[in-house]
$ cat structure.csv   # CSV, C-alpha atoms
chain,number,residue,atom,x,y,z
I,1,MET,CA,28.6,-27.3,-1.5
I,2,ALA,CA,25.1,-26.8,-0.3
I,3,VAL,CA,22.2,-27.0,-2.9
I,4,ASN,CA,18.8,-25.4,-3.1
I,5,ILE,CA,16.1,-25.2,-5.8
I,6,GLU,CA,15.0,-21.6,-6.2
I,7,ILE,CA,12.6,-19.4,-8.1
I,8,LYS,CA,12.2,-15.6,-8.2
I,9,ALA,CA,9.2,-13.5,-9.3
I,10,ARG,CA,8.0,-9.9,-9.3
I,11,VAL,CA,5.3,-9.2,-6.8
I,12,ARG,CA,2.1,-7.7,-8.2
I,13,ASN,CA,0.0,-7.4,-4.9
I,14,TYR,CA,2.4,-7.3,-2.0
I,15,LEU,CA,-0.2,-7.3,0.8
I,16,GLU,CA,-2.2,-10.1,-0.6
I,17,LEU,CA,1.0,-12.3,-1.2
I,18,LYS,CA,2.3,-11.5,2.3
I,19,GLU,CA,-1.0,-12.7,3.8
I,20,ARG,CA,-0.7,-16.0,1.8
I,21,VAL,CA,2.9,-16.5,2.9
I,22,GLU,CA,2.1,-15.8,6.6
I,23,LYS,CA,-0.7,-18.4,6.5
I,24,LEU,CA,1.7,-21.0,5.2
I,25,SER,CA,4.7,-20.1,7.4
I,26,ASP,CA,6.0,-22.2,10.2
I,27,THR,CA,7.8,-19.1,11.7
I,28,ALA,CA,7.2,-15.5,12.5
I,29,CYS,CA,8.5,-13.0,9.9
I,30,GLN,CA,12.1,-12.0,10.3
I,31,VAL,CA,12.9,-8.6,8.9
I,32,ILE,CA,16.5,-8.4,7.7
I,33,PRO,CA,18.0,-5.3,6.1
I,34,GLN,CA,20.8,-6.4,3.8
I,35,GLU,CA,23.5,-4.8,1.8
I,36,ASP,CA,25.1,-7.2,-0.7
I,37,THR,CA,28.4,-6.1,-2.3
I,38,PHE,CA,29.1,-8.2,-5.5
I,39,PHE,CA,32.7,-8.7,-6.6
I,40,ASN,CA,34.0,-9.4,-10.0
I,41,CYS,CA,34.1,-13.2,-10.3
I,42,PRO,CA,35.1,-15.2,-13.4
I,43,ASP,CA,32.8,-18.1,-12.6
I,44,GLY,CA,29.6,-17.9,-10.6
I,45,ARG,CA,28.8,-15.0,-8.3
I,46,LEU,CA,30.6,-13.8,-5.1
I,47,LYS,CA,29.0,-11.4,-2.7
I,48,LEU,CA,29.5,-10.1,0.8
I,49,ARG,CA,26.2,-9.8,2.6
I,50,GLN,CA,26.5,-7.2,5.4
I,51,LEU,CA,23.9,-7.8,8.1
I,52,SER,CA,25.4,-5.6,10.7
I,53,SER,CA,28.8,-4.1,11.6
I,54,SER,CA,29.7,-7.3,13.3
I,55,HIS,CA,28.0,-9.9,11.1
I,56,GLY,CA,28.4,-10.7,7.5
I,57,GLN,CA,28.3,-13.6,5.1
I,58,LEU,CA,30.5,-14.2,2.2
I,59,VAL,CA,28.4,-16.1,-0.3
I,60,TYR,CA,29.7,-17.9,-3.5
I,61,TYR,CA,27.0,-19.4,-5.7
I,62,HIS,CA,26.6,-20.8,-9.2
I,63,ARG,CA,23.2,-21.1,-10.9
I,64,PRO,CA,21.8,-20.6,-14.4
I,65,ASP,CA,20.0,-17.4,-15.4
I,66,ILE,CA,16.6,-18.8,-16.2
I,67,ALA,CA,13.1,-17.6,-15.4
I,68,GLY,CA,11.8,-20.6,-13.5
I,69,LEU,CA,12.9,-23.3,-11.1
I,70,MET,CA,16.7,-23.6,-11.0
I,71,ARG,CA,19.4,-25.4,-9.0
I,72,SER,CA,21.8,-23.2,-7.1
I,73,ASP,CA,25.0,-24.6,-5.6
I,74,TYR,CA,26.4,-22.3,-2.9
I,75,GLN,CA,28.9,-21.9,-0.1
I,76,ILE,CA,28.5,-19.5,2.9
I,77,TYR,CA,31.2,-18.2,5.2
I,78,ASP,CA,30.2,-16.2,8.3
I,79,THR,CA,32.4,-13.3,9.4
I,80,ALA,CA,32.5,-11.1,12.4
I,81,ASP,CA,34.3,-8.3,10.5
I,82,PRO,CA,32.5,-7.7,7.2
I,83,ALA,CA,34.2,-4.3,6.7
I,84,ALA,CA,37.7,-5.7,6.7
I,85,LEU,CA,36.7,-8.6,4.4
I,86,LYS,CA,35.0,-6.2,2.0
I,87,ASP,CA,38.2,-4.1,1.9
I,88,ILE,CA,40.3,-7.1,1.0
I,89,LEU,CA,37.9,-8.5,-1.6
I,90,SER,CA,37.6,-5.1,-3.2
I,91,MET,CA,41.3,-4.8,-3.6
I,92,ALA,CA,41.7,-8.3,-4.9
I,93,TYR,CA,38.7,-8.6,-7.2
I,94,GLY,CA,37.1,-5.1,-7.6
I,95,VAL,CA,33.5,-4.3,-6.8
I,96,ARG,CA,30.9,-5.1,-9.4
I,97,GLY,CA,28.1,-3.3,-7.6
I,98,VAL,CA,25.9,-3.1,-4.5
I,99,VAL,CA,22.3,-4.3,-3.9
I,100,SER,CA,20.4,-2.9,-0.9
I,101,LYS,CA,17.2,-4.6,0.2
I,102,VAL,CA,14.9,-5.3,3.1
I,103,ARG,CA,14.1,-9.0,3.3
I,104,ASN,CA,11.1,-10.5,5.0
I,105,LEU,CA,12.1,-14.1,5.8
I,106,TYR,CA,9.6,-16.9,6.4
I,107,MET,CA,10.1,-20.6,6.7
I,108,VAL,CA,7.8,-23.3,5.3
I,109,GLY,CA,9.3,-26.7,6.2
I,110,HIS,CA,12.9,-26.4,4.8
I,111,THR,CA,11.9,-23.7,2.3
I,112,ARG,CA,13.0,-20.2,2.8
I,113,ILE,CA,10.5,-17.7,1.5
I,114,HIS,CA,11.8,-14.2,1.0
I,115,LEU,CA,9.6,-11.1,0.3
I,116,ASP,CA,12.2,-8.6,-0.8
I,117,GLU,CA,12.0,-4.9,-1.3
I,118,VAL,CA,15.0,-4.1,-3.5
I,119,GLN,CA,16.2,-0.5,-3.8
I,120,GLY,CA,15.8,0.6,-7.4
I,121,LEU,CA,13.9,-2.5,-8.5
I,122,GLY,CA,10.8,-3.0,-6.5
I,123,LYS,CA,9.2,-6.0,-4.7
I,124,PHE,CA,10.0,-9.7,-5.3
I,125,ILE,CA,9.4,-13.1,-3.9
I,126,GLU,CA,12.1,-15.8,-3.8
I,127,LEU,CA,11.6,-19.4,-2.8
I,128,GLU,CA,14.6,-21.4,-1.8
I,129,VAL,CA,14.0,-25.1,-1.1
I,130,ILE,CA,17.1,-26.1,0.8
I,131,LEU,CA,17.8,-29.7,-0.2
I,132,GLN,CA,18.3,-32.0,2.7
I,133,PRO,CA,20.8,-34.9,2.7
I,134,GLY,CA,19.5,-37.6,0.3
I,135,GLU,CA,16.9,-35.3,-1.2
I,136,THR,CA,16.9,-35.1,-5.0
I,137,ASP,CA,16.6,-32.0,-7.2
I,138,GLU,CA,13.3,-33.5,-8.4
I,139,GLU,CA,11.9,-33.7,-4.8
I,140,GLY,CA,13.0,-30.1,-4.3
I,141,ARG,CA,11.3,-29.0,-7.5
I,142,ALA,CA,8.1,-30.7,-6.5
I,143,ILE,CA,8.1,-28.8,-3.2
I,144,ALA,CA,8.8,-25.5,-5.0
I,145,GLU,CA,6.1,-26.1,-7.6
I,146,GLY,CA,3.5,-26.8,-4.9
I,147,LEU,CA,4.4,-23.5,-3.1
I,148,VAL,CA,4.2,-21.6,-6.4
I,149,ARG,CA,0.7,-22.9,-7.0
I,150,ARG,CA,-0.4,-22.3,-3.4
I,151,LEU,CA,1.0,-18.7,-3.5
I,152,GLY,CA,-0.5,-17.9,-6.9
I,153,ILE,CA,2.8,-17.0,-8.5
I,154,GLN,CA,2.2,-16.4,-12.2
I,155,GLN,CA,4.6,-17.7,-14.9
I,156,THR,CA,4.6,-14.2,-16.5
I,157,ASP,CA,6.1,-12.7,-13.2
I,158,LEU,CA,9.1,-15.1,-13.1
I,159,VAL,CA,12.6,-13.5,-13.2
I,160,GLY,CA,15.7,-15.3,-14.3
I,161,HIS,CA,18.4,-12.9,-13.1
I,162,ALA,CA,20.1,-11.9,-9.9
I,163,TYR,CA,19.2,-8.4,-8.5
I,164,MET,CA,22.7,-7.3,-9.4
I,165,ASP,CA,22.2,-8.2,-13.0
I,166,MET,CA,18.8,-6.4,-13.1
I,167,LEU,CA,20.3,-3.2,-11.6
I,168,GLU,CA,23.1,-3.2,-14.2
I,169,LYS,CA,20.6,-3.2,-17.1

$ encode --input "structure.csv" --output "structure tokens"
Amino acid sequence: MAVNIEIKARVRNYLELKERVEKLSDTACQVIPQEDTFFNCPDGRLKLRQLSSSHGQLVYYHRPDIAGLMRSDYQIYDTADPAALKDILSMAYGVRGVVSKVRNLYMVGHTRIHLDEVQGLGKFIELEVILQPGETDEEGRAIAEGLVRRLGIQQTDLVGHAYMDMLEK
């Protein structure tokens, strides 16, 4: 499985944070509308991310629900027919819920920075340090901590739950 070190926080001042992220980013912003359908799953989380009618990603991941840096183990499967896959998974597992968002994706080195506007929840930032072969969790944490400081993310804004969990509450 692939591994990343991630952190999620609420955004207080979106325009200010976006400006900071853009100054750090190695890439232009990629705007990605996403609809994530979560399925009932006894261990971890299983979601189908629909990016278009002909592109989707089945994502299985396991991570703790803590407000702070956390390790996430994940596996991604690309599909050219997300509607058919959604139908099969819905029948097999049942749908837990749906999260709709617009994601602004930036890259800083091998860290994905997401500025998300989540329907029904508001605006968030996620950092995902994608661990490279031979890179330790501690090295990934150090990268994330450096970005948290540089972006001015406050401890009080950290979130420890997936968007799906927050929508259920």

$ residues_around --input "structure.csv" --residues "I:Gly68" --least-positions-apart "6" --cutoff "10 Å" --atoms "all atoms listed in the file" --output "list in words"
Ile5, Glu6, Ile7, Lys8, Ala9, Glu145, Gln155, Asp157, Leu158, Val159 and Gly160 of chain I

$ closest_residue --input "structure.csv" --among "I:Leu105, I:Leu167, I:Val99, I:Ile125" --to "I:Ser25" --atoms "all atoms listed in the file"
I:Leu105

$ residues_around --input "structure.csv" --residues "stretch 107-114 of chain I" --least-positions-apart "3" --cutoff "7 Å" --atoms "only C-alpha atoms" --output "list in words"
Leu24, Ser25, Asp26, Thr27, Arg103, Asn104, Ile125, Glu126, Leu127, Glu128, Val129 and Ile130 of chain I

$ closest_residue --input "structure.csv" --among "I:Leu115, I:Ala144, I:Met70, I:Cys41" --to "I:Val11" --atoms "all atoms listed in the file"
I:Leu115

$ closest_residue --input "structure.csv" --among "I:Ala84, I:Val59, I:Leu46, I:Ile153" --to "I:Tyr14" --atoms "all atoms listed in the file"
I:Ile153

$ residues_near_point --input "structure.csv" --point "(30.4, -12.5, 6.7)" --cutoff "8 Å" --atoms "all atoms listed in the file" --output "PyMOL selection string"
chain I and resi 48-50+55-58+77-82+85

$ residues_near_point --input "structure.csv" --point "(24.4, -3.0, -6.7)" --cutoff "8 Å" --atoms "all atoms listed in the file" --output "list in words"
Asp36, Thr37, Phe38, Arg96, Gly97, Val98, Val99, Ser100, Tyr163, Met164, Leu167 and Glu168 of chain I

$ closest_residue --input "structure.csv" --among "I:Val21, I:Ile143, I:Met1, I:Leu131" --to "I:Tyr61" --atoms "all atoms listed in the file"
I:Met1

$ closest_residue --input "structure.csv" --among "I:Gln154, I:Thr136, I:Gln119, I:Ser54" --to "I:Glu35" --atoms "all atoms listed in the file"
I:Gln119

$ atom_distance --input "structure.csv" --atom1 "atom CA of I:Arg45" --atom2 "atom CA of I:Asp116"
19.3 Å

$ closest_residue --input "structure.csv" --among "I:Leu17, I:Val118, I:Leu69, I:Leu151" --to "I:Glu138" --atoms "only C-alpha atoms"
I:Leu69

$ atom_distance --input "structure.csv" --atom1 "atom CA of I:Arg141" --atom2 "atom CA of I:Arg71"
9.0 Å

$ atom_distance --input "structure.csv" --atom1 "atom CA of I:Ala2" --atom2 "atom CA of I:Asp87"
26.3 Å

$ build_atoms --input "structure.csv" --residues "stretch 94-119 of chain I" --atoms "N, CA and C atoms" --output "PDB file, in the coordinates of the input"
ATOM      1  N   GLY I  94      37.849  -6.298  -7.144  1.00  0.00           N
ATOM      2  CA  GLY I  94      37.100  -5.100  -7.600  1.00  0.00           C
ATOM      3  C   GLY I  94      35.612  -5.343  -7.379  1.00  0.00           C
ATOM      4  N   VAL I  95      34.924  -4.247  -7.095  1.00  0.00           N
ATOM      5  CA  VAL I  95      33.500  -4.300  -6.800  1.00  0.00           C
ATOM      6  C   VAL I  95      32.686  -4.186  -8.083  1.00  0.00           C
ATOM      7  N   ARG I  96      31.790  -5.108  -8.264  1.00  0.00           N
ATOM      8  CA  ARG I  96      30.900  -5.100  -9.400  1.00  0.00           C
ATOM      9  C   ARG I  96      29.705  -4.164  -9.161  1.00  0.00           C
ATOM     10  N   GLY I  97      29.180  -4.167  -7.926  1.00  0.00           N
ATOM     11  CA  GLY I  97      28.100  -3.300  -7.600  1.00  0.00           C
ATOM     12  C   GLY I  97      27.494  -3.697  -6.219  1.00  0.00           C
ATOM     13  N   VAL I  98      26.494  -2.925  -5.789  1.00  0.00           N
ATOM     14  CA  VAL I  98      25.900  -3.100  -4.500  1.00  0.00           C
ATOM     15  C   VAL I  98      24.373  -3.202  -4.620  1.00  0.00           C
ATOM     16  N   VAL I  99      23.776  -4.153  -3.911  1.00  0.00           N
ATOM     17  CA  VAL I  99      22.300  -4.300  -3.900  1.00  0.00           C
ATOM     18  C   VAL I  99      21.876  -4.104  -2.435  1.00  0.00           C
ATOM     19  N   SER I 100      20.977  -3.152  -2.240  1.00  0.00           N
ATOM     20  CA  SER I 100      20.400  -2.900  -0.900  1.00  0.00           C
ATOM     21  C   SER I 100      18.961  -3.343  -0.918  1.00  0.00           C
ATOM     22  N   LYS I 101      18.580  -4.069   0.140  1.00  0.00           N
ATOM     23  CA  LYS I 101      17.200  -4.600   0.200  1.00  0.00           C
ATOM     24  C   LYS I 101      16.791  -4.768   1.644  1.00  0.00           C
ATOM     25  N   VAL I 102      15.483  -4.837   1.821  1.00  0.00           N
ATOM     26  CA  VAL I 102      14.900  -5.300   3.100  1.00  0.00           C
ATOM     27  C   VAL I 102      14.235  -6.600   2.780  1.00  0.00           C
ATOM     28  N   ARG I 103      14.648  -7.629   3.506  1.00  0.00           N
ATOM     29  CA  ARG I 103      14.100  -9.000   3.300  1.00  0.00           C
ATOM     30  C   ARG I 103      13.230  -9.383   4.432  1.00  0.00           C
ATOM     31  N   ASN I 104      12.046  -9.869   4.072  1.00  0.00           N
ATOM     32  CA  ASN I 104      11.100 -10.500   5.000  1.00  0.00           C
ATOM     33  C   ASN I 104      11.270 -11.982   4.838  1.00  0.00           C
ATOM     34  N   LEU I 105      11.798 -12.669   5.857  1.00  0.00           N
ATOM     35  CA  LEU I 105      12.100 -14.100   5.800  1.00  0.00           C
ATOM     36  C   LEU I 105      11.026 -14.905   6.499  1.00  0.00           C
ATOM     37  N   TYR I 106      10.509 -15.920   5.816  1.00  0.00           N
ATOM     38  CA  TYR I 106       9.600 -16.900   6.400  1.00  0.00           C
ATOM     39  C   TYR I 106      10.103 -18.273   6.078  1.00  0.00           C
ATOM     40  N   MET I 107       9.744 -19.239   6.912  1.00  0.00           N
ATOM     41  CA  MET I 107      10.100 -20.600   6.700  1.00  0.00           C
ATOM     42  C   MET I 107       8.853 -21.475   6.539  1.00  0.00           C
ATOM     43  N   VAL I 108       8.824 -22.305   5.502  1.00  0.00           N
ATOM     44  CA  VAL I 108       7.800 -23.300   5.300  1.00  0.00           C
ATOM     45  C   VAL I 108       8.505 -24.629   5.162  1.00  0.00           C
ATOM     46  N   GLY I 109       8.503 -25.441   6.222  1.00  0.00           N
ATOM     47  CA  GLY I 109       9.300 -26.700   6.200  1.00  0.00           C
ATOM     48  C   GLY I 109      10.775 -26.260   6.046  1.00  0.00           C
ATOM     49  N   HIS I 110      11.454 -26.818   5.040  1.00  0.00           N
ATOM     50  CA  HIS I 110      12.900 -26.400   4.800  1.00  0.00           C
ATOM     51  C   HIS I 110      12.979 -25.528   3.575  1.00  0.00           C
ATOM     52  N   THR I 111      11.914 -24.745   3.366  1.00  0.00           N
ATOM     53  CA  THR I 111      11.900 -23.700   2.300  1.00  0.00           C
ATOM     54  C   THR I 111      11.952 -22.350   2.886  1.00  0.00           C
ATOM     55  N   ARG I 112      12.913 -21.576   2.421  1.00  0.00           N
ATOM     56  CA  ARG I 112      13.000 -20.200   2.800  1.00  0.00           C
ATOM     57  C   ARG I 112      12.146 -19.371   1.805  1.00  0.00           C
ATOM     58  N   ILE I 113      11.242 -18.563   2.315  1.00  0.00           N
ATOM     59  CA  ILE I 113      10.500 -17.700   1.500  1.00  0.00           C
ATOM     60  C   ILE I 113      10.902 -16.245   1.801  1.00  0.00           C
ATOM     61  N   HIS I 114      11.367 -15.536   0.790  1.00  0.00           N
ATOM     62  CA  HIS I 114      11.800 -14.200   1.000  1.00  0.00           C
ATOM     63  C   HIS I 114      10.836 -13.231   0.253  1.00  0.00           C
ATOM     64  N   LEU I 115      10.324 -12.261   0.958  1.00  0.00           N
ATOM     65  CA  LEU I 115       9.600 -11.100   0.300  1.00  0.00           C
ATOM     66  C   LEU I 115      10.604  -9.983   0.415  1.00  0.00           C
ATOM     67  N   ASP I 116      11.135  -9.604  -0.735  1.00  0.00           N
ATOM     68  CA  ASP I 116      12.200  -8.600  -0.800  1.00  0.00           C
ATOM     69  C   ASP I 116      11.710  -7.298  -1.375  1.00  0.00           C
ATOM     70  N   GLU I 117      12.137  -6.194  -0.749  1.00  0.00           N
ATOM     71  CA  GLU I 117      12.000  -4.900  -1.300  1.00  0.00           C
ATOM     72  C   GLU I 117      13.352  -4.380  -1.681  1.00  0.00           C
ATOM     73  N   VAL I 118      13.643  -4.353  -2.981  1.00  0.00           N
ATOM     74  CA  VAL I 118      15.000  -4.100  -3.500  1.00  0.00           C
ATOM     75  C   VAL I 118      15.065  -2.636  -3.960  1.00  0.00           C
ATOM     76  N   GLN I 119      16.004  -1.901  -3.388  1.00  0.00           N
ATOM     77  CA  GLN I 119      16.200  -0.500  -3.800  1.00  0.00           C
ATOM     78  C   GLN I 119      16.452  -0.375  -5.250  1.00  0.00           C
TER      79      GLN I 119
END
